[in-house]
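Enquirer: Got a structure for you, questions after.
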Amino acid sequence: MNIWAHRGLSYKYPENTLTAFRAACAYDITGIELDIQKTKDGEIVVIHDEKVDRTTDGTGFVKDFTLKELKQLKIANGEGEPERIPTMREVLELLKPYCLGDDLLINIEMKNSEVRYEGMEEEILRLVAEFGLSDHIVYSSFLPEAVALIKELDPTVRTGILHDSPDQCVAWLEQTKADAIHPFVQEVVPGQHLERLGLPVRAWNIRNQEPFFGEEGTVVRQDTEKLRKMGVTDLFTNNADLYCELRAPRFRDTMRLIPGVAPDPQTGLLTEKEGVAANVEPAEVRAGMRMRWNAPHLEYRIHRYSGEIDPALIYTYTYHPESNWTTICPEKETEDWTDADRTFEDDGYIRLEVRRKDGQEMAEGIRLKDICTFSGSPDHLPPIPSYFLQEIQETERTVRACRGRGDRAYLLLADSHYATGGHWEETLRNLKAVSRRICPDGVIHLGDFTDGLMPSEQTGEWFLEVKEDLLSLGCPLRICVGNHDTNSFRNNPDPFTREEWETLYLDGKKNSFTDDARTKVRSIFLSSFDPKEKERYGFDAGTVVWFAKTLLTTPIGWRFLIFSHVPPLPEIHYWSKEIRNGLTMVRLAQTANRLGHPVLGWFHGHNHADQIYRRKGFPIISIGCVKMEDFKDKKPNGAFVPDRKAGDVTQELWDVLVVHGSGNSLDLIRFGAGTDRKT
Ligand code: G3P
Ligand code: CA
């Protein structure tokens, strides 16, 4: 659920004030909602009511005050200097760094349904453009004419139509050409089918459920999952902090300490050493992060590594955990053993060398989170680089242009090969930013979440972390299992059993499907790898039977999307001459296709390459590797691998898949390296 701070963090600070906005920005919100009115001398100011009586010590209409007069009015904030009504200009000055640094959005509600404020639409557009923030605004109003007018003045703006009733919002969509509806949350009820609109549904909550600063009352926490099922994509709330974490760098604290190893202080490589334990994977820290030591019986010293990563060394799955992909910085190393808390002064990576104070051996299985906790403040989060911000805006524009009412949009990615030292955190931020803007209907990951080179417990935990990251996008997640996910790569001595990986990744269901009544599409997710079989790549007999049955029992007139990690045919798979039962599976799909159940596409990852194979009567679509790498060889004929570069937009590679309500073509809108595709 996308969370917006309604009038700022308005339960804690006076609504629509710079303090309330600043406080809201500390949280990982999608955006800030605010209200604008106009003064007698034409200044746009941020205040909810037409009159100043409720929120200031003055009386009368905003329209009858000059700005100078309005600025004399005081807004009590309970302590210290009183607040003043901010101008829109002041608010934009405050919020601009958050918009450009973290892709914060602003919903400007034009309060022009009671006082018309002629010219407000042109003036607010001009002001926002002056700040270079046009791409960060959603305009809304309870007055349909105002929503229609602002769109007419600038067809590129994002708008939302406001009304208590979702039905009335929907009824006004056509005349206003609004891009979203903004109904009152308490009027959203089952059976309205708002999820079928294919538009952002931003519901707002006030009145008896969320007191403002200084008001009496109890906060009612919304059931966001229930709302999501009814089609609500976004929530405006006075209590953004109830729903959002503080913006802060995260620390992967599930890493395990391996007894009997420690980093060599000169080379940084792990070497054997009695009586100590160390984390094999270097852990990322950011300047300002604080480490609290919670294990009084243990002491530690820190080995610092540079934050500069050699891109060649994060090449997917040639990464060896015991080697370095970054350089040790001996000058920054803690010389002395200690059990004190510490704050990191700069960005980089660490290995902790830990020992028991009583000199006994270190136990197995200790994780960093068992012995210390890490925290960081919002200031320690680097801003989103401008090349990503442009790509985020471009992706949104392209999706909006090609996604009609009744279409579906999914974030589609493959082969994240998560390990520390990669760029997953940035990928996640980009996914989140695009997700907030386009409100996708789901996320699909085509497998190989991690390299599968670690002990199975660590692989499992990393998968769960990546899964949680994807779930944090707030929409349903569907996945396929990749060959690396079985933890059997390169004869890993600690593979998952079949039961283990089916439970971990698929909740025990080897194959599954979901139905979407709006687009009449059945999406099928297949398992395509079994390390225990001689022909490891492909589909077992049970899957073939299940697939045939699933195709046969699909309602008339419905269409298919098929997803697997491994491609279904050997001619589009470099690594094996056979794909077990692949041809049978493709023939089944061809039959369905011929018999009036169009197969819109069969998607796969695994090849780390882009390709659309069209020889079977339906498109078989390969998507490149989400993790940046330089891996152009060992590809099937016809596959394409775009150039990638760290610190550039081509570092990323994933798609927004648009499934249209009618017609059999699909749009794949690329974020990062590569190009947009159409089937
Ligand atoms: O924009 C959503 C919501 O703010 C509309 O109601 O009265 O709070 O402006 P109100
Ligand atoms: Ca409002």
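Just so we're on the same page: first chain in the structure tokens is A, next is B, and so on; residues restart at 1 for each chain, and ligands are numbered from 1 in the order they show up.
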Quick one: everything within 8 Å of segment 358-364 of chain A, counting only C-alpha atoms, minus sequence neighbours fewer than 5 positions away in the same chain. Send it as a list in words.

Expert: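 My reading of the contact set: Leu257, Ile258, Pro259, Glu274, Gly275, Val276, Ala277 and His297 of chain A.
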
Enquirer: Emit the selected residues as a JSON list (two decimals), in the first residue's frame, including N, CA, C and O atoms.

Expert:
[["chain", "number", "residue", "atom", "x", "y", "z"],
["A", 257, "LEU", "N", 28.22, -16.04, 11.49],
["A", 257, "LEU", "CA", 29.65, -16.04, 11.81],
["A", 257, "LEU", "C", 30.16, -17.46, 11.66],
["A", 257, "LEU", "O", 29.57, -18.40, 12.19],
["A", 258, "ILE", "N", 31.25, -17.60, 10.95],
["A", 258, "ILE", "CA", 31.82, -18.94, 10.75],
["A", 258, "ILE", "C", 33.01, -19.10, 11.71],
["A", 258, "ILE", "O", 33.98, -18.33, 11.63],
["A", 259, "PRO", "N", 32.93, -20.09, 12.62],
["A", 259, "PRO", "CA", 34.05, -20.28, 13.55],
["A", 259, "PRO", "C", 35.31, -20.76, 12.83],
["A", 259, "PRO", "O", 35.23, -21.45, 11.81],
["A", 274, "GLU", "N", 42.26, -20.03, 14.96],
["A", 274, "GLU", "CA", 41.60, -20.70, 16.10],
["A", 274, "GLU", "C", 40.90, -19.70, 17.01],
["A", 274, "GLU", "O", 41.39, -18.58, 17.19],
["A", 275, "GLY", "N", 39.80, -20.11, 17.57],
["A", 275, "GLY", "CA", 39.19, -19.36, 18.68],
["A", 275, "GLY", "C", 38.38, -18.14, 18.31],
["A", 275, "GLY", "O", 37.90, -17.42, 19.18],
["A", 276, "VAL", "N", 38.28, -17.85, 17.02],
["A", 276, "VAL", "CA", 37.49, -16.67, 16.62],
["A", 276, "VAL", "C", 36.47, -17.09, 15.58],
["A", 276, "VAL", "O", 36.48, -18.23, 15.09],
["A", 277, "ALA", "N", 35.59, -16.15, 15.23],
["A", 277, "ALA", "CA", 34.62, -16.40, 14.15],
["A", 277, "ALA", "C", 34.46, -15.10, 13.38],
["A", 277, "ALA", "O", 34.69, -14.01, 13.92],
["A", 297, "HIS", "N", 29.32, -11.33, 26.69],
["A", 297, "HIS", "CA", 30.35, -12.37, 26.85],
["A", 297, "HIS", "C", 31.29, -12.44, 25.65],
["A", 297, "HIS", "O", 32.25, -13.20, 25.64]]

Enquirer: Find the residues near ligand 2. Use a cut-off of 10 Å, count only C-alpha atoms and all ligand atoms, and write them as a PyMOL selection string.

Expert: chain A and resi 6-7+16+33-36+47-49+107-111+140-142+162+204+206+236

Enquirer: Keeping only C-alpha atoms, write those residues as a PDB file, in the first residue's frame.

Expert:
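Wrote out.pdb, looks like this:
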ATOM      1  CA  HIS A   6      -2.190  13.603   4.850  1.00  0.00           C
ATOM      2  CA  ARG A   7      -1.513  17.313   5.515  1.00  0.00           C
ATOM      3  CA  ASN A  16      -0.270  21.711   6.577  1.00  0.00           C
ATOM      4  CA  GLU A  33      -0.880  15.499   0.550  1.00  0.00           C
ATOM      5  CA  LEU A  34      -1.604  19.179   1.103  1.00  0.00           C
ATOM      6  CA  ASP A  35      -4.326  21.757   0.393  1.00  0.00           C
ATOM      7  CA  ILE A  36      -4.007  25.077  -1.360  1.00  0.00           C
ATOM      8  CA  ILE A  47      -4.094  25.686   4.346  1.00  0.00           C
ATOM      9  CA  HIS A  48      -7.057  23.336   4.383  1.00  0.00           C
ATOM     10  CA  ASP A  49     -10.082  25.520   5.186  1.00  0.00           C
ATOM     11  CA  ASN A 107      -0.542  15.630  -3.946  1.00  0.00           C
ATOM     12  CA  ILE A 108      -1.705  19.211  -4.304  1.00  0.00           C
ATOM     13  CA  GLU A 109      -5.379  19.409  -3.542  1.00  0.00           C
ATOM     14  CA  MET A 110      -6.820  22.542  -5.084  1.00  0.00           C
ATOM     15  CA  LYS A 111      -9.410  23.770  -2.592  1.00  0.00           C
ATOM     16  CA  SER A 140      -6.684  16.775  -7.225  1.00  0.00           C
ATOM     17  CA  SER A 141      -9.887  18.596  -6.415  1.00  0.00           C
ATOM     18  CA  PHE A 142     -13.447  17.987  -5.312  1.00  0.00           C
ATOM     19  CA  LEU A 162     -11.996  13.583  -5.280  1.00  0.00           C
ATOM     20  CA  TRP A 204      -8.211   9.223   2.320  1.00  0.00           C
ATOM     21  CA  ILE A 206      -9.985  11.530   8.358  1.00  0.00           C
ATOM     22  CA  PHE A 236      -3.739   9.181   2.758  1.00  0.00           C
TER      23      PHE A 236
END

Enquirer: Find the spatial neighbours of segment 471-473 of chain A, counting only C-alpha atoms, within a cut-off of 7 Å - ignore same-chain residues fewer than 3 positions away - and output them as a PyMOL selection string.

Expert: chain A and resi 432+435+467-468+477

Enquirer: Between A:Glu81, A:Asp370, A:Asp57, A:Glu210, single out the one closest to Pro296 of chain A, counting only C-alpha atoms.

Expert: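 Nearest to Pro296 of chain A: A:Asp370.
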
Enquirer: Just list the residues in segment 219-369 of chain A DSSP gives strand (DSSP E) on the backbone, as an MDAnalysis selection string.

Expert: chainID A and resid 234:237 257:263 270:279 283:285 290:293 298:305 342:343 348:356

Enquirer: Deliver the residues from the most recent selection as a file, using C-alpha atoms, as a PDB file, in the first residue's frame.

Expert:
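Listing of result-v1.pdb after writing:
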ATOM      1  CA  ASP A 234      -2.815   4.236  -1.817  1.00  0.00           C
ATOM      2  CA  LEU A 235      -3.848   5.571   1.570  1.00  0.00           C
ATOM      3  CA  PHE A 236      -3.739   9.181   2.758  1.00  0.00           C
ATOM      4  CA  THR A 237      -3.316   9.109   6.520  1.00  0.00           C
ATOM      5  CA  LEU A 257      29.648 -16.037  11.815  1.00  0.00           C
ATOM      6  CA  ILE A 258      31.818 -18.939  10.746  1.00  0.00           C
ATOM      7  CA  PRO A 259      34.048 -20.279  13.555  1.00  0.00           C
ATOM      8  CA  GLY A 260      37.722 -20.847  12.849  1.00  0.00           C
ATOM      9  CA  VAL A 261      38.243 -18.040  10.309  1.00  0.00           C
ATOM     10  CA  ALA A 262      39.291 -14.399  10.460  1.00  0.00           C
ATOM     11  CA  PRO A 263      40.248 -11.787   7.869  1.00  0.00           C
ATOM     12  CA  LEU A 270      39.641 -14.963   5.209  1.00  0.00           C
ATOM     13  CA  THR A 271      42.236 -17.233   6.763  1.00  0.00           C
ATOM     14  CA  GLU A 272      42.063 -20.025   9.297  1.00  0.00           C
ATOM     15  CA  LYS A 273      42.374 -18.875  12.887  1.00  0.00           C
ATOM     16  CA  GLU A 274      41.602 -20.699  16.097  1.00  0.00           C
ATOM     17  CA  GLY A 275      39.188 -19.365  18.683  1.00  0.00           C
ATOM     18  CA  VAL A 276      37.492 -16.670  16.620  1.00  0.00           C
ATOM     19  CA  ALA A 277      34.617 -16.399  14.149  1.00  0.00           C
ATOM     20  CA  ALA A 278      33.896 -13.996  11.300  1.00  0.00           C
ATOM     21  CA  ASN A 279      31.193 -13.195   8.788  1.00  0.00           C
ATOM     22  CA  ALA A 283      28.415  -6.502   5.334  1.00  0.00           C
ATOM     23  CA  GLU A 284      27.636  -3.024   4.053  1.00  0.00           C
ATOM     24  CA  VAL A 285      27.657  -0.080   6.445  1.00  0.00           C
ATOM     25  CA  ARG A 290      25.363   2.943  14.697  1.00  0.00           C
ATOM     26  CA  MET A 291      26.278  -0.529  15.890  1.00  0.00           C
ATOM     27  CA  ARG A 292      25.073  -1.498  19.354  1.00  0.00           C
ATOM     28  CA  TRP A 293      26.902  -4.483  20.895  1.00  0.00           C
ATOM     29  CA  LEU A 298      31.871 -11.645  23.421  1.00  0.00           C
ATOM     30  CA  GLU A 299      34.241  -9.021  22.087  1.00  0.00           C
ATOM     31  CA  TYR A 300      35.017  -7.991  18.555  1.00  0.00           C
ATOM     32  CA  ARG A 301      37.264  -6.109  16.247  1.00  0.00           C
ATOM     33  CA  ILE A 302      36.349  -4.725  12.901  1.00  0.00           C
ATOM     34  CA  HIS A 303      38.023  -5.175   9.555  1.00  0.00           C
ATOM     35  CA  ARG A 304      37.053  -2.347   7.237  1.00  0.00           C
ATOM     36  CA  TYR A 305      36.789  -2.704   3.468  1.00  0.00           C
ATOM     37  CA  ARG A 342      30.332   2.346  17.718  1.00  0.00           C
ATOM     38  CA  THR A 343      29.282   4.699  14.960  1.00  0.00           C
ATOM     39  CA  GLY A 348      32.076   0.713   3.219  1.00  0.00           C
ATOM     40  CA  TYR A 349      31.988  -2.958   4.143  1.00  0.00           C
ATOM     41  CA  ILE A 350      32.963  -4.762   7.292  1.00  0.00           C
ATOM     42  CA  ARG A 351      33.908  -8.161   8.519  1.00  0.00           C
ATOM     43  CA  LEU A 352      33.593  -8.639  12.241  1.00  0.00           C
ATOM     44  CA  GLU A 353      36.126 -10.835  13.981  1.00  0.00           C
ATOM     45  CA  VAL A 354      34.528 -12.083  17.189  1.00  0.00           C
ATOM     46  CA  ARG A 355      35.860 -14.076  20.141  1.00  0.00           C
ATOM     47  CA  ARG A 356      34.682 -15.168  23.557  1.00  0.00           C
TER      48      ARG A 356
END

Enquirer: Identify, on the basis of only C-alpha atoms, every residue whose closest approach to Ala419 of chain A does not exceed 8 Å; exclude the query and any residue fewer than 2 positions from it along the same chain; express the result as a VMD selection string.

Expert: chain A and resid 417 421 to 422 450 to 451

Enquirer: Out of segment 129-258 of chain A, which residues get helix (DSSP H, G or I) from DSSP, as a VMD selection string?

Expert: chain A and resid 129 to 130 134 to 136 144 to 153 166 to 171 173 to 176 185 to 187 194 to 196 207 to 209 224 to 229 240 to 243

Enquirer: Given the choices A:Asp164, A:Glu79, A:Asp415, A:Glu308, which gets closest to ligand 1 if the distance is worked out from only C-alpha atoms and all ligand atoms?

Expert: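 Result for the nearest residue to ligand 1: A:Asp164.
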
Enquirer: I'd like the contact shell of Gly638 of chain A - 9 Å cut-off, only C-alpha atoms, skipping same-chain residues fewer than 3 positions apart - returned as an mmCIF file with C-alpha atoms, in the first residue's frame.

Expert:
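Just written: result.cif:
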data_model
loop_
_atom_site.group_PDB
_atom_site.id
_atom_site.type_symbol
_atom_site.label_atom_id
_atom_site.label_comp_id
_atom_site.auth_asym_id
_atom_site.auth_seq_id
_atom_site.Cartn_x
_atom_site.Cartn_y
_atom_site.Cartn_z
ATOM 1 C CA ILE A 572 16.851 -21.386 -26.733
ATOM 2 C CA ASP A 610 16.787 -10.819 -23.956
ATOM 3 C CA GLN A 611 15.088 -12.754 -26.697
ATOM 4 C CA ILE A 612 11.664 -13.222 -28.261
ATOM 5 C CA TYR A 613 11.503 -16.615 -29.947
ATOM 6 C CA LYS A 635 23.894 -17.683 -25.083
#

Enquirer: How far is it from atom CA of Gly624 of chain A to atom CA of Asn607 of chain A, in Å with one decimal?

Expert: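 Taking atom CA of Gly624 of chain A and atom CA of Asn607 of chain A, their separation equals 7.0 Å.
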
Enquirer: Would you mind listing what lies within 7 Å of Pro598 of chain A as a PyMOL selection string, with only C-alpha atoms counted and same-chain residues fewer than 3 positions away left out?

Expert: chain A and resi 559-560+592-593

Enquirer: What does the structure give for the distance between atom CA of Thr519 of chain A and atom CA of Gly663 of chain A, in Å to one decimal?

Expert: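 Distance reported for this atom pair: 10.1 Å.
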
Enquirer: Check the smallest atom-to-atom distance from each of A:Pro211, A:Gly538, A:Gly268, A:Pro190 to Met230 of chain A using only C-alpha atoms, then report the winner.

Expert: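 Using only C-alpha atoms, the shortest distance to Met230 of chain A belongs to A:Pro190.
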